[in-house]
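K.L.:
Following this line is start_0.tsv, made up of TSV, C-alpha atoms:
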```
chain	number	residue	atom	x	y	z
A	1	MET	CA	-1.29	-6.40	25.21
A	2	LYS	CA	-1.75	-5.95	21.46
A	3	ASP	CA	-0.46	-8.74	19.25
A	4	GLN	CA	-0.73	-6.88	15.92
A	5	PHE	CA	0.27	-3.31	15.09
A	6	VAL	CA	-0.10	-0.60	12.51
A	7	ILE	CA	3.37	0.93	12.18
A	8	ALA	CA	3.78	4.62	11.39
A	9	CYS	CA	7.17	4.91	9.66
A	10	LEU	CA	8.42	8.43	10.33
A	11	ASP	CA	11.68	9.69	8.91
A	12	ARG	CA	11.18	13.38	9.75
A	13	PRO	CA	9.00	15.36	12.20
A	14	GLU	CA	7.03	17.26	9.55
A	15	ASP	CA	5.41	14.06	8.27
A	16	ALA	CA	3.88	13.14	11.63
A	17	THR	CA	0.85	15.43	11.24
A	18	THR	CA	-0.11	13.57	8.06
A	19	VAL	CA	0.95	10.00	8.81
A	20	LEU	CA	-0.26	9.61	12.39
A	21	PRO	CA	-3.97	10.40	11.78
A	22	TRP	CA	-4.05	7.79	9.01
A	23	ALA	CA	-2.14	5.21	11.05
A	24	ARG	CA	-4.33	5.80	14.10
A	25	HIS	CA	-7.51	5.56	12.01
A	26	PHE	CA	-6.48	2.25	10.49
A	27	ALA	CA	-5.34	0.86	13.84
A	28	GLU	CA	-8.68	1.70	15.45
A	29	ARG	CA	-10.86	0.50	12.60
A	30	LEU	CA	-8.97	-2.71	11.76
A	31	ASN	CA	-10.44	-4.40	14.81
A	32	HIS	CA	-8.49	-2.25	17.29
A	33	LYS	CA	-4.89	-2.99	16.42
A	34	GLY	CA	-2.00	-1.44	18.30
A	35	LEU	CA	-0.28	1.72	17.05
A	36	MET	CA	3.48	2.21	17.00
A	37	VAL	CA	5.94	4.71	15.50
A	38	LEU	CA	9.14	3.48	13.88
A	39	HIS	CA	12.05	5.85	13.26
A	40	VAL	CA	15.37	4.86	11.69
A	41	ALA	CA	18.38	7.18	11.51
A	42	ARG	CA	21.75	6.66	9.81
A	43	GLU	CA	23.52	8.00	12.88
A	44	LYS	CA	22.56	8.83	16.44
A	45	GLY	CA	20.95	12.24	16.73
A	46	ASP	CA	18.08	14.20	18.19
A	47	ASP	CA	14.96	12.05	18.36
A	48	ARG	CA	13.26	13.89	21.23
A	49	TRP	CA	10.50	14.93	18.83
A	50	LEU	CA	9.28	11.34	18.92
A	51	GLU	CA	8.46	11.64	22.63
A	52	GLN	CA	6.14	14.57	21.87
A	53	LEU	CA	3.93	12.44	19.60
A	54	GLY	CA	2.29	10.63	22.51
A	55	VAL	CA	2.58	7.26	20.76
A	56	PRO	CA	4.79	4.26	21.63
A	57	PHE	CA	7.85	4.39	19.41
A	58	VAL	CA	11.03	2.60	18.45
A	59	SER	CA	14.01	4.72	17.43
A	60	MET	CA	17.02	2.94	16.02
A	61	VAL	CA	20.22	3.57	14.09
A	62	GLY	CA	20.71	1.58	10.92
A	63	GLN	CA	19.00	1.12	7.57
A	64	TRP	CA	15.31	1.50	6.85
A	65	ARG	CA	15.32	-1.59	4.66
A	66	THR	CA	16.52	-3.78	7.51
A	67	ALA	CA	13.87	-2.45	9.88
A	68	ILE	CA	11.12	-2.78	7.27
A	69	GLU	CA	12.00	-6.41	6.60
A	70	GLY	CA	11.37	-7.04	10.29
A	71	LEU	CA	7.95	-5.38	10.43
A	72	PRO	CA	5.85	-8.57	10.65
A	73	THR	CA	8.22	-10.44	12.95
A	74	ALA	CA	10.13	-8.04	15.20
A	75	PHE	CA	7.34	-5.46	15.40
A	76	LYS	CA	4.24	-7.64	14.77
A	77	GLY	CA	3.19	-5.21	12.05
A	78	ILE	CA	0.29	-5.91	9.68
A	79	LEU	CA	0.38	-2.51	7.94
A	80	ALA	CA	3.00	0.21	7.52
A	81	VAL	CA	2.01	3.85	6.96
A	82	THR	CA	4.48	6.35	5.55
A	83	ALA	CA	4.55	9.70	3.77
A	84	PHE	CA	5.73	10.44	0.26
A	85	ASP	CA	6.72	13.74	-1.32
A	86	PRO	CA	8.26	14.05	-4.82
A	87	ALA	CA	9.91	17.28	-3.68
A	88	ALA	CA	11.58	15.68	-0.65
A	89	PRO	CA	15.38	15.32	-0.59
A	90	ARG	CA	16.54	12.08	-2.17
A	91	ALA	CA	18.09	10.88	1.09
A	92	THR	CA	14.76	10.97	2.97
A	93	LEU	CA	12.29	8.11	3.10
A	94	ALA	CA	9.56	10.39	1.72
A	95	HIS	CA	11.22	10.66	-1.70
A	96	PRO	CA	9.29	8.22	-3.96
A	97	LYS	CA	12.36	6.50	-5.36
A	98	THR	CA	13.89	6.06	-1.91
A	99	LEU	CA	10.58	4.90	-0.42
A	100	LEU	CA	10.05	2.21	-3.06
A	101	ARG	CA	13.65	1.06	-2.77
A	102	GLU	CA	13.51	0.71	1.01
A	103	PHE	CA	10.10	-1.02	0.96
A	104	LYS	CA	10.82	-3.33	-1.98
A	105	ASP	CA	11.19	-6.40	0.28
A	106	CYS	CA	8.41	-5.44	2.68
A	107	LYS	CA	6.20	-8.41	3.58
A	108	THR	CA	3.28	-6.30	4.77
A	109	ALA	CA	1.09	-3.85	2.92
A	110	TYR	CA	2.36	-0.27	3.09
A	111	LEU	CA	0.13	2.78	2.86
A	112	CYS	CA	1.76	5.80	1.21
A	113	ILE	CA	0.21	9.16	2.11
A	114	PRO	CA	1.04	12.44	0.32
A	115	SER	CA	2.96	14.68	2.71
A	116	LEU	CA	0.88	17.76	1.96
A	117	ARG	CA	-2.50	16.00	2.08
A	118	ASP	CA	-5.16	17.18	4.49
A	119	PRO	CA	-4.98	14.56	7.27
A	120	ASN	CA	-8.53	13.26	6.74
A	121	PRO	CA	-8.43	9.46	6.63
A	122	GLU	CA	-12.06	8.89	5.67
A	123	LEU	CA	-12.25	6.58	2.64
A	124	ALA	CA	-15.53	6.88	0.76
A	125	THR	CA	-14.17	4.92	-2.20
A	126	THR	CA	-11.33	2.46	-2.69
A	127	ALA	CA	-10.34	1.32	-6.18
A	128	LEU	CA	-8.10	-1.37	-7.59
A	129	ALA	CA	-7.27	-2.67	-11.03
A	130	LEU	CA	-8.29	-6.30	-11.33
A	131	THR	CA	-6.30	-7.67	-14.24
A	132	HIS	CA	-5.38	-11.14	-15.47
A	133	GLN	CA	-2.56	-11.43	-12.92
A	134	ARG	CA	-2.92	-13.83	-10.02
A	135	GLU	CA	-1.64	-11.18	-7.57
A	136	GLY	CA	-5.03	-9.52	-7.88
A	137	LYS	CA	-6.24	-11.91	-5.18
A	138	GLU	CA	-4.07	-10.24	-2.53
A	139	LYS	CA	-5.52	-6.88	-3.54
A	140	LEU	CA	-9.04	-8.29	-3.19
A	141	VAL	CA	-8.30	-9.51	0.33
A	142	TRP	CA	-7.24	-6.01	1.38
A	143	ALA	CA	-10.23	-4.49	-0.43
A	144	SER	CA	-12.50	-6.71	1.66
A	145	TYR	CA	-10.84	-5.40	4.84
A	146	LEU	CA	-11.41	-1.81	3.77
A	147	ALA	CA	-15.05	-2.54	2.95
A	148	ARG	CA	-15.67	-4.53	6.11
A	149	PHE	CA	-13.79	-2.51	8.73
A	150	LEU	CA	-13.62	0.99	7.22
A	151	GLY	CA	-16.92	1.04	5.32
A	152	SER	CA	-15.30	2.00	2.03
A	153	ARG	CA	-17.12	1.51	-1.28
A	154	ILE	CA	-15.03	-0.80	-3.46
A	155	LEU	CA	-14.51	-0.21	-7.19
A	156	LEU	CA	-13.02	-3.10	-9.16
A	157	ALA	CA	-11.70	-1.78	-12.48
A	158	HIS	CA	-10.93	-4.44	-15.09
A	159	PRO	CA	-9.39	-3.86	-18.53
A	160	ALA	CA	-11.28	-4.53	-21.76
A	161	TYR	CA	-9.02	-7.36	-22.94
A	162	ARG	CA	-9.22	-8.42	-26.57
A	163	ASP	CA	-7.31	-11.63	-25.95
A	164	ALA	CA	-9.68	-14.44	-24.92
A	165	GLY	CA	-7.17	-16.03	-22.56
A	166	LEU	CA	-6.54	-12.80	-20.67
A	167	ARG	CA	-10.29	-12.14	-20.50
A	168	GLN	CA	-10.87	-15.55	-18.95
A	169	ARG	CA	-8.16	-15.07	-16.32
A	170	CYS	CA	-9.63	-11.68	-15.45
A	171	ARG	CA	-13.09	-13.27	-15.10
A	172	ASN	CA	-11.57	-15.86	-12.77
A	173	ASN	CA	-10.34	-13.05	-10.53
A	174	LEU	CA	-13.81	-11.49	-10.56
A	175	ARG	CA	-15.28	-14.82	-9.47
A	176	PHE	CA	-12.71	-14.91	-6.68
A	177	ALA	CA	-13.97	-11.47	-5.63
A	178	ASP	CA	-17.47	-12.94	-5.28
A	179	LYS	CA	-16.10	-15.76	-3.11
A	180	ILE	CA	-14.54	-13.21	-0.75
A	181	PHE	CA	-17.25	-10.56	-0.69
A	182	GLN	CA	-20.51	-12.51	-0.78
A	183	PRO	CA	-20.07	-14.61	2.41
A	184	LEU	CA	-19.31	-11.38	4.28
A	185	GLU	CA	-22.32	-9.65	2.68
A	186	LEU	CA	-20.05	-7.00	1.20
A	187	GLU	CA	-20.72	-5.22	-2.07
A	188	TYR	CA	-18.47	-3.95	-4.82
A	189	THR	CA	-18.92	-2.18	-8.14
A	190	SER	CA	-17.28	-3.58	-11.26
A	191	VAL	CA	-16.07	-0.97	-13.76
A	192	GLN	CA	-14.52	-1.65	-17.16
A	193	ILE	CA	-11.64	0.52	-18.35
A	194	GLU	CA	-10.07	0.67	-21.79
A	195	ALA	CA	-6.42	0.66	-20.73
A	196	THR	CA	-4.57	-2.66	-20.69
A	197	THR	CA	-1.20	-1.15	-19.72
A	198	MET	CA	-0.48	1.33	-16.90
A	199	VAL	CA	-3.89	0.34	-15.57
A	200	ASP	CA	-3.33	1.86	-12.11
A	201	HIS	CA	-2.77	5.25	-13.74
A	202	ALA	CA	-6.00	4.82	-15.72
A	203	VAL	CA	-7.92	3.91	-12.56
A	204	VAL	CA	-6.77	7.02	-10.69
A	205	ALA	CA	-7.36	9.32	-13.67
A	206	GLY	CA	-10.76	7.88	-14.50
A	207	LEU	CA	-12.27	7.05	-11.10
A	208	ASN	CA	-10.47	9.44	-8.72
A	209	PRO	CA	-10.82	7.19	-5.65
A	210	ASP	CA	-9.94	8.18	-2.11
A	211	LEU	CA	-7.49	5.27	-2.02
A	212	LEU	CA	-5.86	3.07	-4.64
A	213	ILE	CA	-4.72	-0.49	-3.92
A	214	ALA	CA	-1.81	-1.32	-6.22
A	215	MET	CA	0.70	-4.10	-6.75
A	216	THR	CA	4.34	-3.21	-7.29
A	217	THR	CA	6.35	-4.60	-10.19
A	218	ASP	CA	7.28	-8.24	-9.84
A	219	PRO	CA	11.06	-8.49	-10.40
A	220	ARG	CA	10.61	-12.16	-11.30
A	221	GLU	CA	8.69	-11.14	-14.43
A	222	GLN	CA	11.02	-8.36	-15.62
A	223	ASP	CA	13.31	-8.70	-18.60
A	224	LEU	CA	16.47	-6.72	-19.38
A	225	PHE	CA	14.52	-4.01	-21.25
A	226	ASP	CA	12.27	-3.38	-18.21
A	227	HIS	CA	15.27	-2.32	-16.13
A	228	PHE	CA	15.72	0.75	-18.36
A	229	LEU	CA	12.11	1.92	-17.93
A	230	PRO	CA	10.65	3.81	-14.95
A	231	ARG	CA	8.74	1.52	-12.63
A	232	PRO	CA	4.95	2.08	-12.98
A	233	GLU	CA	4.61	2.53	-9.21
A	234	LEU	CA	7.26	5.28	-9.27
A	235	THR	CA	5.52	7.21	-12.03
A	236	LEU	CA	2.26	6.68	-10.15
A	237	LEU	CA	3.60	8.43	-7.04
A	238	LYS	CA	5.14	11.23	-9.09
A	239	ARG	CA	2.27	11.83	-11.49
A	240	PHE	CA	-0.55	11.51	-8.95
A	241	SER	CA	1.28	13.00	-6.00
A	242	GLY	CA	-1.96	13.76	-4.12
A	243	GLN	CA	-3.24	10.17	-4.24
A	244	PRO	CA	-2.88	7.82	-1.24
A	245	VAL	CA	-1.78	4.36	-2.38
A	246	LEU	CA	-1.82	1.06	-0.54
A	247	PHE	CA	1.02	-0.97	-2.06
A	248	LEU	CA	1.49	-4.73	-1.97
A	249	ASN	CA	4.70	-6.38	-3.06
A	250	PRO	CA	4.30	-9.56	-5.13
A	251	ARG	CA	5.52	-12.27	-2.78
A	252	ASP	CA	4.60	-15.80	-1.81
A	253	ASP	CA	4.60	-15.00	1.91
A	254	LEU	CA	2.63	-11.78	2.39
A	255	TYR	CA	1.48	-11.09	5.94
A	256	ILE	CA	-2.19	-10.13	6.02
A	257	LEU	CA	-4.92	-9.80	8.60
A	258	CYS	CA	-6.79	-12.89	9.73
A	259	ASP	CA	-9.73	-11.40	11.70
```
As structure tokens - that is how I would like this structure written.
P.N.:
Amino acid sequence: MKDQFVIACLDRPEDATTVLPWARHFAERLNHKGLMVLHVAREKGDDRWLEQLGVPFVSMVGQWRTAIEGLPTAFKGILAVTAFDPAAPRATLAHPKTLLREFKDCKTAYLCIPSLRDPNPELATTALALTHQREGKEKLVWASYLARFLGSRILLAHPAYRDAGLRQRCRNNLRFADKIFQPLELEYTSVQIEATTMVDHAVVAGLNPDLLIAMTTDPREQDLFDHFLPRPELTLLKRFSGQPVLFLNPRDDLYILCD
């Protein structure tokens, strides 16, 4: 009996051909985790298509946000995998704005796969922006999993800060990377980028990785003016709509692997 699962969140049948290969790949490579499909509908309807997937599934009526909040507890999930499509109807989970709204309180990492992407989950390179923020440590933990279990080459992109204090905090995060990677005999490549704002966008545009690890906006650090601006993670999904992204929400109680 599996005690940890990769959860494929499927809102519509057409996303299964993209999401399931990625979810299955991660489940197998992350030390043989279980695989499960989660489907949530607003009202009871035809969910017979779930039986044809050949994967254990849970189909429920309610709200996606409620089900997602229960991923680590009710479903023993350590990773959610879902599709995104800027052209999807607003009411579907695949629409970027809806996806980010429903996952905003998610306590696990959630992997967002472009709906039209060729379902090839091989990850030659994984990139992340390592800035002055302390949340970079959670991204480094997941990067170590991808290097260790999936054999991905890790690119750590850090901004060229002019401020000495920000530079020092960024260097502290790089030292933390050494503490994680060196005992496991894992390697990474450090790359400097010029951008100090919208750094995730600069990483994708400049490095073109197979996967980006990104942190969503911390609502605890937003001011009134920020509420009138598009969230960086939303523009990321819209602008780079062919880029898979592994999102982490800034929380004090993230659920991560412990193998």
K.L.:
Which value, in Å to one decimal, gives the distance between atom CA of A:Leu234 and atom CA of A:Lys104?
P.N.:
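Those two atoms sit 11.8 Å apart.
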K.L.:
Report, in Å with one decimal, the straight-line distance from atom CA of A:Thr17 to atom CA of A:Ser115.
P.N.:
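Result for atom CA of A:Thr17 versus atom CA of A:Ser115: 8.8 Å, one decimal.
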K.L.:
Would you list the residues near (4.9, 9.1, -7.4), meaning any protein, DNA or RNA residue with an atom at most 9 Å from that point in file coordinates, counting all atoms listed in the file, as a list in words?
P.N.:
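Returned residue set, sorted by chain then number, is Phe84, Asp85, Pro86, His95, Pro96, Lys97, Pro232, Glu233, Leu234, Thr235, Leu236, Leu237, Lys238, Arg239, Phe240, Ser241, Gly242 and Gln243 of chain A.
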K.L.:
With all atoms listed in the file as the atoms that count, which of A:Leu186, A:Leu71, A:Leu99, A:Val203 lies nearest to A:Gly151?
P.N.:
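The closest residue to A:Gly151 is A:Leu186.
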K.L.:
Applying 8 Å and all atoms listed in the file, which residues near A:Arg169 remain after dropping the ones on its own chain fewer than 5 positions away? List them as a ChimeraX atom specification.
P.N.:
/A:131-133
K.L.:
Check the smallest atom-to-atom distance from each of A:Ala87, A:Leu50, A:Leu79, A:Leu155 to A:Gly34 using only C-alpha atoms, then report the winner.
P.N.:
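Nearest to A:Gly34: A:Leu79.
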K.L.:
Between atom CA of A:Gly45 and atom CA of A:Ala67, what is the distance, to one decimal in Å?
P.N.:
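Between atom CA of A:Gly45 and atom CA of A:Ala67 the gap works out to 17.7 Å.
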K.L.:
Return the single residue from A:Arg171, A:Arg153, A:Arg148, A:Lys76 that is closest to A:Ala127, with distances computed using only C-alpha atoms.
P.N.:
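Among A:Arg171, A:Arg153, A:Arg148, A:Lys76, it is A:Arg153 that comes nearest to A:Ala127.
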K.L.:
Just checking: using all atoms listed in the file, which residue out of A:Ala16, A:Ala195, A:Ala8, A:Leu100 ends up closest to A:Leu35?
P.N.:
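Ranked by minimum distance to A:Leu35, first place goes to A:Ala8.
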K.L.:
For a quick check of your reading of the model, name the residues lying within 10 Å of the coordinate (-13.6, 9.6, -7.9), counting only C-alpha atoms, and write them as a VMD selection string.
P.N.:
chain A and resid 124 to 127 155 203 to 211
